[in-house]
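One structure is given here, and the rest of the page talks about it.
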Amino acid sequence: MSKPGRSLRIVLTVALLYIKFLASQAYTVTTTNGGSGDVCPPGPQCLGDGKALCINNKCRCQPPEDVGLGHFLCVRSNEVFCAIFNDPTIRGYDGSYSFAPLNCKFKPTHLFVPLCDTSDPDNVRTISETDSCDVKVSAWGTRRRGKSFIRGIDVRFMVLYQGSVYHHLSRIISDATGGVYTFLESTNLAPFGSPTSGPAQNTTIPNVGQIYTEYDHTDNFARIKAEMCGVEVGIRQV
């Protein structure tokens, strides 16, 4: 079996902003109000559940996910990640930082990766030479007080497995008010290009796994996961 390299995590964060919306039946609404972990002045609060600890005034990731930004994301040493912060600042897969005043809907990443065998603990063993995942991540935002803030994300998957094609689109809009985080999620299992049209649901690929959304009630993240693709996309208000 060949190995495609490292698993990938894509994480986006949005700053506090005012979002007014009507929650129709097309959305699934989830709320969290976790308190995260160590308070670590002068920086932000660390991730909770022991994922990061405040050591010498810095949030430091702990094993087994001991690489990353301890106040935001911790990953394993064989994973890479990018992140988009407010205004927005972009942390690339190579660890470099850049600034881009992105006001409209944009595509921060587009991945084409082999389909992984999820029984492999490192999630890097491919199933075959032809099975694959096509993953497109889009984000959009708004401007307030002269700055740009990400408002929501679309994550589109097209998975090819044993001659069958599986489509999945998840859209998540996030808000934070008074310590309560609200996520509106909608999905569509139609081909690329179709908008979301119904409440949150999972996509099951027989003998391979699921594409699903997980809500972290400690650190207040919504995470769209596709372990067979080695991809995770998260969003959180700050």
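Residue names in the structure tokens use chain letters A, B, ... in the order shown, residue numbers from 1 in each chain, and ligand numbers from 1 in the order shown.
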Hey, what's within 7 Å of A:Thr30 if we count only C-alpha atoms and toss same-chain stuff fewer than 6 positions away? As a compact mmCIF listing (two decimals) with N, CA, C and O atoms, in the first residue's frame, please?
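Final output, result.txt:
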# COMPACT_ATOMS: atom_id res chain seq x y z
N THR A 182 -23.44 29.44 18.97
CA THR A 182 -24.53 28.87 18.19
C THR A 182 -24.04 28.54 16.79
O THR A 182 -23.39 29.36 16.14
N PHE A 183 -24.34 27.32 16.33
CA PHE A 183 -23.95 26.87 15.00
C PHE A 183 -25.20 26.48 14.22
O PHE A 183 -26.02 25.71 14.71
N LEU A 184 -25.33 27.03 13.02
CA LEU A 184 -26.40 26.63 12.11
C LEU A 184 -25.78 25.77 11.02
O LEU A 184 -24.89 26.22 10.30
Contact check, stretch 16-135 of chain A to stretch 200-212 of chain A, at most 10 Å, counting only C-alpha atoms, closest pairs as JSON lines:
{"residue": "A:Ala26", "atom": "CA", "partner": "A:Ala200", "partner_atom": "CA", "distance": 8.4}
{"residue": "A:Tyr27", "atom": "CA", "partner": "A:Ala200", "partner_atom": "CA", "distance": 6.8}
{"residue": "A:Thr28", "atom": "CA", "partner": "A:Ala200", "partner_atom": "CA", "distance": 5.6}
{"residue": "A:Val29", "atom": "CA", "partner": "A:Ala200", "partner_atom": "CA", "distance": 8.9}
{"residue": "A:Leu115", "atom": "CA", "partner": "A:Val208", "partner_atom": "CA", "distance": 9.0}
{"residue": "A:Cys116", "atom": "CA", "partner": "A:Val208", "partner_atom": "CA", "distance": 8.5}
{"residue": "A:Asp117", "atom": "CA", "partner": "A:Val208", "partner_atom": "CA", "distance": 7.3}
{"residue": "A:Thr118", "atom": "CA", "partner": "A:Val208", "partner_atom": "CA", "distance": 7.1}
{"residue": "A:Ser119", "atom": "CA", "partner": "A:Val208", "partner_atom": "CA", "distance": 9.2}
{"residue": "A:Ile127", "atom": "CA", "partner": "A:Val208", "partner_atom": "CA", "distance": 9.3}
Can I get the selection written as a PDB file, in the first residue's frame, with all heavy atoms?
ATOM      1  N   ALA A  26     -34.609  24.114   7.418  1.00  0.00           N
ATOM      2  CA  ALA A  26     -33.477  23.680   6.604  1.00  0.00           C
ATOM      3  C   ALA A  26     -32.186  23.630   7.398  1.00  0.00           C
ATOM      4  O   ALA A  26     -31.167  23.204   6.882  1.00  0.00           O
ATOM      5  CB  ALA A  26     -33.308  24.609   5.404  1.00  0.00           C
ATOM      6  N   TYR A  27     -32.211  24.067   8.646  1.00  0.00           N
ATOM      7  CA  TYR A  27     -31.005  24.105   9.461  1.00  0.00           C
ATOM      8  C   TYR A  27     -31.141  23.205  10.682  1.00  0.00           C
ATOM      9  O   TYR A  27     -32.230  23.003  11.211  1.00  0.00           O
ATOM     10  CB  TYR A  27     -30.721  25.526   9.959  1.00  0.00           C
ATOM     11  CG  TYR A  27     -30.249  26.482   8.903  1.00  0.00           C
ATOM     12  CD1 TYR A  27     -31.147  27.322   8.258  1.00  0.00           C
ATOM     13  CD2 TYR A  27     -28.906  26.556   8.561  1.00  0.00           C
ATOM     14  CE1 TYR A  27     -30.704  28.212   7.285  1.00  0.00           C
ATOM     15  CE2 TYR A  27     -28.457  27.442   7.597  1.00  0.00           C
ATOM     16  CZ  TYR A  27     -29.365  28.263   6.962  1.00  0.00           C
ATOM     17  OH  TYR A  27     -28.935  29.138   6.004  1.00  0.00           O
ATOM     18  N   THR A  28     -30.003  22.696  11.132  1.00  0.00           N
ATOM     19  CA  THR A  28     -29.902  22.085  12.447  1.00  0.00           C
ATOM     20  C   THR A  28     -29.139  23.062  13.332  1.00  0.00           C
ATOM     21  O   THR A  28     -28.044  23.501  12.978  1.00  0.00           O
ATOM     22  CB  THR A  28     -29.153  20.748  12.384  1.00  0.00           C
ATOM     23  OG1 THR A  28     -29.883  19.844  11.557  1.00  0.00           O
ATOM     24  CG2 THR A  28     -29.003  20.150  13.776  1.00  0.00           C
ATOM     25  N   VAL A  29     -29.716  23.431  14.474  1.00  0.00           N
ATOM     26  CA  VAL A  29     -29.112  24.417  15.365  1.00  0.00           C
ATOM     27  C   VAL A  29     -28.490  23.695  16.558  1.00  0.00           C
ATOM     28  O   VAL A  29     -29.146  22.895  17.223  1.00  0.00           O
ATOM     29  CB  VAL A  29     -30.151  25.443  15.856  1.00  0.00           C
ATOM     30  CG1 VAL A  29     -29.497  26.470  16.774  1.00  0.00           C
ATOM     31  CG2 VAL A  29     -30.816  26.131  14.673  1.00  0.00           C
ATOM     32  N   LEU A 115      -7.907   8.053  -0.982  1.00  0.00           N
ATOM     33  CA  LEU A 115      -8.798   7.563   0.060  1.00  0.00           C
ATOM     34  C   LEU A 115      -7.994   6.702   1.030  1.00  0.00           C
ATOM     35  O   LEU A 115      -7.232   5.827   0.610  1.00  0.00           O
ATOM     36  CB  LEU A 115      -9.931   6.748  -0.571  1.00  0.00           C
ATOM     37  CG  LEU A 115     -11.177   6.501   0.274  1.00  0.00           C
ATOM     38  CD1 LEU A 115     -11.889   7.807   0.584  1.00  0.00           C
ATOM     39  CD2 LEU A 115     -12.121   5.553  -0.463  1.00  0.00           C
ATOM     40  N   CYS A 116      -8.155   6.961   2.339  1.00  0.00           N
ATOM     41  CA  CYS A 116      -7.337   6.300   3.351  1.00  0.00           C
ATOM     42  C   CYS A 116      -8.071   5.130   3.996  1.00  0.00           C
ATOM     43  O   CYS A 116      -9.298   5.108   4.081  1.00  0.00           O
ATOM     44  CB  CYS A 116      -6.939   7.292   4.442  1.00  0.00           C
ATOM     45  SG  CYS A 116      -5.904   8.638   3.869  1.00  0.00           S
ATOM     46  N   ASP A 117      -7.294   4.189   4.478  1.00  0.00           N
ATOM     47  CA  ASP A 117      -7.800   3.066   5.259  1.00  0.00           C
ATOM     48  C   ASP A 117      -7.882   3.521   6.713  1.00  0.00           C
ATOM     49  O   ASP A 117      -6.863   3.703   7.379  1.00  0.00           O
ATOM     50  CB  ASP A 117      -6.851   1.878   5.111  1.00  0.00           C
ATOM     51  CG  ASP A 117      -7.289   0.663   5.915  1.00  0.00           C
ATOM     52  OD1 ASP A 117      -8.317   0.749   6.620  1.00  0.00           O
ATOM     53  OD2 ASP A 117      -6.596  -0.367   5.851  1.00  0.00           O
ATOM     54  N   THR A 118      -9.089   3.729   7.227  1.00  0.00           N
ATOM     55  CA  THR A 118      -9.243   4.286   8.570  1.00  0.00           C
ATOM     56  C   THR A 118      -8.873   3.301   9.671  1.00  0.00           C
ATOM     57  O   THR A 118      -8.814   3.679  10.841  1.00  0.00           O
ATOM     58  CB  THR A 118     -10.688   4.770   8.789  1.00  0.00           C
ATOM     59  OG1 THR A 118     -11.597   3.689   8.526  1.00  0.00           O
ATOM     60  CG2 THR A 118     -11.017   5.923   7.859  1.00  0.00           C
ATOM     61  N   SER A 119      -8.621   2.034   9.327  1.00  0.00           N
ATOM     62  CA  SER A 119      -8.150   1.086  10.339  1.00  0.00           C
ATOM     63  C   SER A 119      -6.668   1.280  10.634  1.00  0.00           C
ATOM     64  O   SER A 119      -6.145   0.731  11.607  1.00  0.00           O
ATOM     65  CB  SER A 119      -8.397  -0.354   9.880  1.00  0.00           C
ATOM     66  OG  SER A 119      -7.617  -0.669   8.733  1.00  0.00           O
ATOM     67  N   ILE A 127      -6.284   3.007   0.239  1.00  0.00           N
ATOM     68  CA  ILE A 127      -7.066   1.812  -0.060  1.00  0.00           C
ATOM     69  C   ILE A 127      -6.687   1.246  -1.422  1.00  0.00           C
ATOM     70  O   ILE A 127      -6.529   0.040  -1.589  1.00  0.00           O
ATOM     71  CB  ILE A 127      -8.570   2.144   0.012  1.00  0.00           C
ATOM     72  CG1 ILE A 127      -8.950   2.480   1.467  1.00  0.00           C
ATOM     73  CG2 ILE A 127      -9.416   0.992  -0.508  1.00  0.00           C
ATOM     74  CD1 ILE A 127     -10.386   2.902   1.642  1.00  0.00           C
TER      75      ILE A 127
END
### Task
Show which residues sit within 9 Å of A:Glu65, as a PyMOL selection string. Count only C-alpha atoms, and ignore same-chain residues fewer than 3 positions away.
chain A and resi 51+61-62+68+74-77
Q | stretch 13-230 of chain A: residues DSSP assigns to strand (DSSP E or B), reported as an MDAnalysis selection string | A | chainID A and resid 13:14 28:32 52:55 58:61 67:69 73:75 79:84 89:91 97:99 106:114 116 126 132:144 147:161 164:177 180:188 198:199 203:205 209:216 221:226
Output of the above residues as a short mmCIF file (atom, residue, chain, number, x, y, z; two decimals), in the first residue's frame, restricted to C-alpha atoms:
data_model
loop_
_atom_site.label_atom_id
_atom_site.label_comp_id
_atom_site.auth_asym_id
_atom_site.auth_seq_id
_atom_site.Cartn_x
_atom_site.Cartn_y
_atom_site.Cartn_z
CA THR A 13 -11.96 30.93 13.22
CA VAL A 14 -14.30 33.90 13.19
CA THR A 28 -29.90 22.08 12.45
CA VAL A 29 -29.11 24.42 15.36
CA THR A 30 -26.50 23.38 17.95
CA THR A 31 -25.29 25.43 20.94
CA THR A 32 -22.24 25.03 23.18
CA ALA A 52 -2.93 22.08 26.09
CA LEU A 53 -1.44 23.45 29.31
CA CYS A 54 -0.19 26.91 30.24
CA ILE A 55 3.59 26.57 30.64
CA LYS A 58 2.26 30.01 26.72
CA CYS A 59 -0.38 27.43 25.82
CA ARG A 60 1.56 24.29 24.88
CA CYS A 61 0.01 21.27 23.18
CA VAL A 67 2.13 20.18 17.71
CA GLY A 68 0.15 23.32 16.95
CA LEU A 69 -1.31 26.41 18.58
CA LEU A 73 -5.55 23.62 17.66
CA CYS A 74 -3.27 20.71 18.55
CA VAL A 75 -2.35 18.00 16.04
CA GLU A 79 -0.46 16.02 10.51
CA VAL A 80 -0.31 19.46 8.94
CA PHE A 81 -2.79 22.30 9.29
CA CYS A 82 -3.68 25.74 8.07
CA ALA A 83 -5.72 28.32 9.95
CA ILE A 84 -7.45 31.59 9.15
CA THR A 89 -4.41 36.39 9.00
CA ILE A 90 -3.61 33.13 7.24
CA ARG A 91 -1.35 30.48 8.75
CA TYR A 97 1.86 33.73 7.98
CA SER A 98 0.30 36.15 5.52
CA PHE A 99 -2.44 38.76 5.43
CA PHE A 106 -13.30 32.74 -1.23
CA LYS A 107 -11.74 29.28 -1.44
CA PRO A 108 -8.90 28.92 1.09
CA THR A 109 -8.05 25.37 0.06
CA HIS A 110 -8.83 22.66 -2.50
CA LEU A 111 -7.45 19.18 -1.86
CA PHE A 112 -7.28 16.06 -3.99
CA VAL A 113 -6.04 13.17 -1.86
CA PRO A 114 -6.09 9.35 -1.91
CA CYS A 116 -7.34 6.30 3.35
CA THR A 126 -4.34 4.25 0.98
CA SER A 132 -9.85 9.35 -3.95
CA CYS A 133 -11.29 12.40 -2.16
CA ASP A 134 -11.85 15.81 -3.73
CA VAL A 135 -12.37 18.41 -0.96
CA LYS A 136 -13.23 22.08 -1.52
CA VAL A 137 -13.42 24.55 1.38
CA SER A 138 -15.04 27.96 0.93
CA ALA A 139 -15.50 30.72 3.49
CA TRP A 140 -17.21 34.08 3.53
CA GLY A 141 -17.31 37.03 5.84
CA THR A 142 -18.27 40.60 6.49
CA ARG A 143 -16.57 43.89 7.29
CA ARG A 144 -17.08 45.72 10.54
CA LYS A 147 -11.82 44.76 9.56
CA SER A 148 -12.82 41.52 7.85
CA PHE A 149 -14.38 38.69 9.83
CA ILE A 150 -15.16 35.17 8.60
CA ARG A 151 -18.85 34.37 8.97
CA GLY A 152 -19.27 30.79 7.77
CA ILE A 153 -17.90 27.89 5.75
CA ASP A 154 -18.94 25.49 3.01
CA VAL A 155 -17.10 22.16 2.82
CA ARG A 156 -17.73 20.01 -0.27
CA PHE A 157 -16.61 16.41 -0.62
CA MET A 158 -16.62 14.17 -3.66
CA VAL A 159 -15.43 10.67 -2.76
CA LEU A 160 -14.70 8.04 -5.40
CA TYR A 161 -14.76 4.49 -4.05
CA SER A 164 -19.21 4.84 -7.00
CA VAL A 165 -19.24 8.60 -6.34
CA TYR A 166 -20.43 10.04 -3.01
CA HIS A 167 -21.19 13.76 -2.60
CA HIS A 168 -21.48 15.71 0.64
CA LEU A 169 -21.80 19.46 1.31
CA SER A 170 -21.93 20.94 4.81
CA ARG A 171 -22.52 24.64 5.50
CA ILE A 172 -21.95 26.03 9.00
CA ILE A 173 -22.64 29.57 10.21
CA SER A 174 -21.34 30.44 13.68
CA ASP A 175 -22.27 33.07 16.26
CA ALA A 176 -21.18 33.79 19.84
CA THR A 177 -23.18 35.87 22.30
CA VAL A 180 -23.02 30.82 24.23
CA TYR A 181 -21.87 29.58 20.81
CA THR A 182 -24.53 28.87 18.19
CA PHE A 183 -23.95 26.87 15.00
CA LEU A 184 -26.40 26.63 12.11
CA GLU A 185 -25.67 23.62 9.92
CA SER A 186 -27.28 22.53 6.67
CA THR A 187 -26.27 19.83 4.18
CA ASN A 188 -26.82 18.54 0.68
CA GLY A 198 -31.81 20.40 4.35
CA PRO A 199 -30.81 19.85 7.98
CA THR A 203 -22.81 10.56 4.53
CA THR A 204 -21.96 6.87 4.91
CA ILE A 205 -19.53 5.22 2.51
CA GLY A 209 -16.63 5.35 7.08
CA GLN A 210 -18.71 8.51 7.44
CA ILE A 211 -18.51 12.21 6.71
CA TYR A 212 -20.03 13.91 9.74
CA THR A 213 -19.98 16.99 11.99
CA GLU A 214 -18.80 16.85 15.59
CA TYR A 215 -19.46 19.59 18.15
CA ASP A 216 -16.84 20.25 20.82
CA PHE A 221 -15.75 24.20 17.85
CA ALA A 222 -17.83 22.72 15.06
CA ARG A 223 -15.68 20.19 13.17
CA ILE A 224 -16.55 18.55 9.86
CA LYS A 225 -14.67 15.26 9.68
CA ALA A 226 -13.89 12.84 6.88
#
In Å, rounded to a single decimal, give me how far atom CA of A:Asn78 is from atom CA of A:Cys46.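 Interatomic distance here is 22.0 Å.
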Pairwise distance, atom CA of A:Gln45 with atom CA of A:His71, equals 5.8 Å
Would you mind listing what lies within 8 Å of A:Asp49 as a PyMOL selection string, with only C-alpha atoms counted and same-chain residues fewer than 5 positions away left out?
chain A and resi 36-37+218
If you keep C-alpha atoms, can you produce a file of those selected residues as a PDB file, in the first residue's frame?
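Written file, selection-v5.pdb:
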ATOM      1  CA  SER A  36     -11.963  25.693  27.585  1.00  0.00           C
ATOM      2  CA  GLY A  37      -8.799  25.099  29.635  1.00  0.00           C
ATOM      3  CA  THR A 218     -15.485  22.261  25.777  1.00  0.00           C
TER       4      THR A 218
END
Using only C-alpha atoms, the residue out of A:Asp131, A:Val39, A:Pro64, A:Phe85 with shortest distance to A:Ile235 is A:Phe85
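Among the candidates A:Asn56, A:Phe72, A:Gly179, A:Ser128, the residue lying nearest to A:Pro44 is A:Phe72 (atoms considered: only C-alpha atoms).
Across the model, the gap from atom CA of A:Pro63 to atom CA of A:Leu47 is 13.2 Å.
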>> Please determine, counting only C-alpha atoms, which residue among A:Arg125, A:Asp219, A:Gly95, A:Arg236 has the shortest atom-to-atom distance to A:Gly35.
In response: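 Counting only C-alpha atoms, the residue closest to A:Gly35 is A:Asp219.
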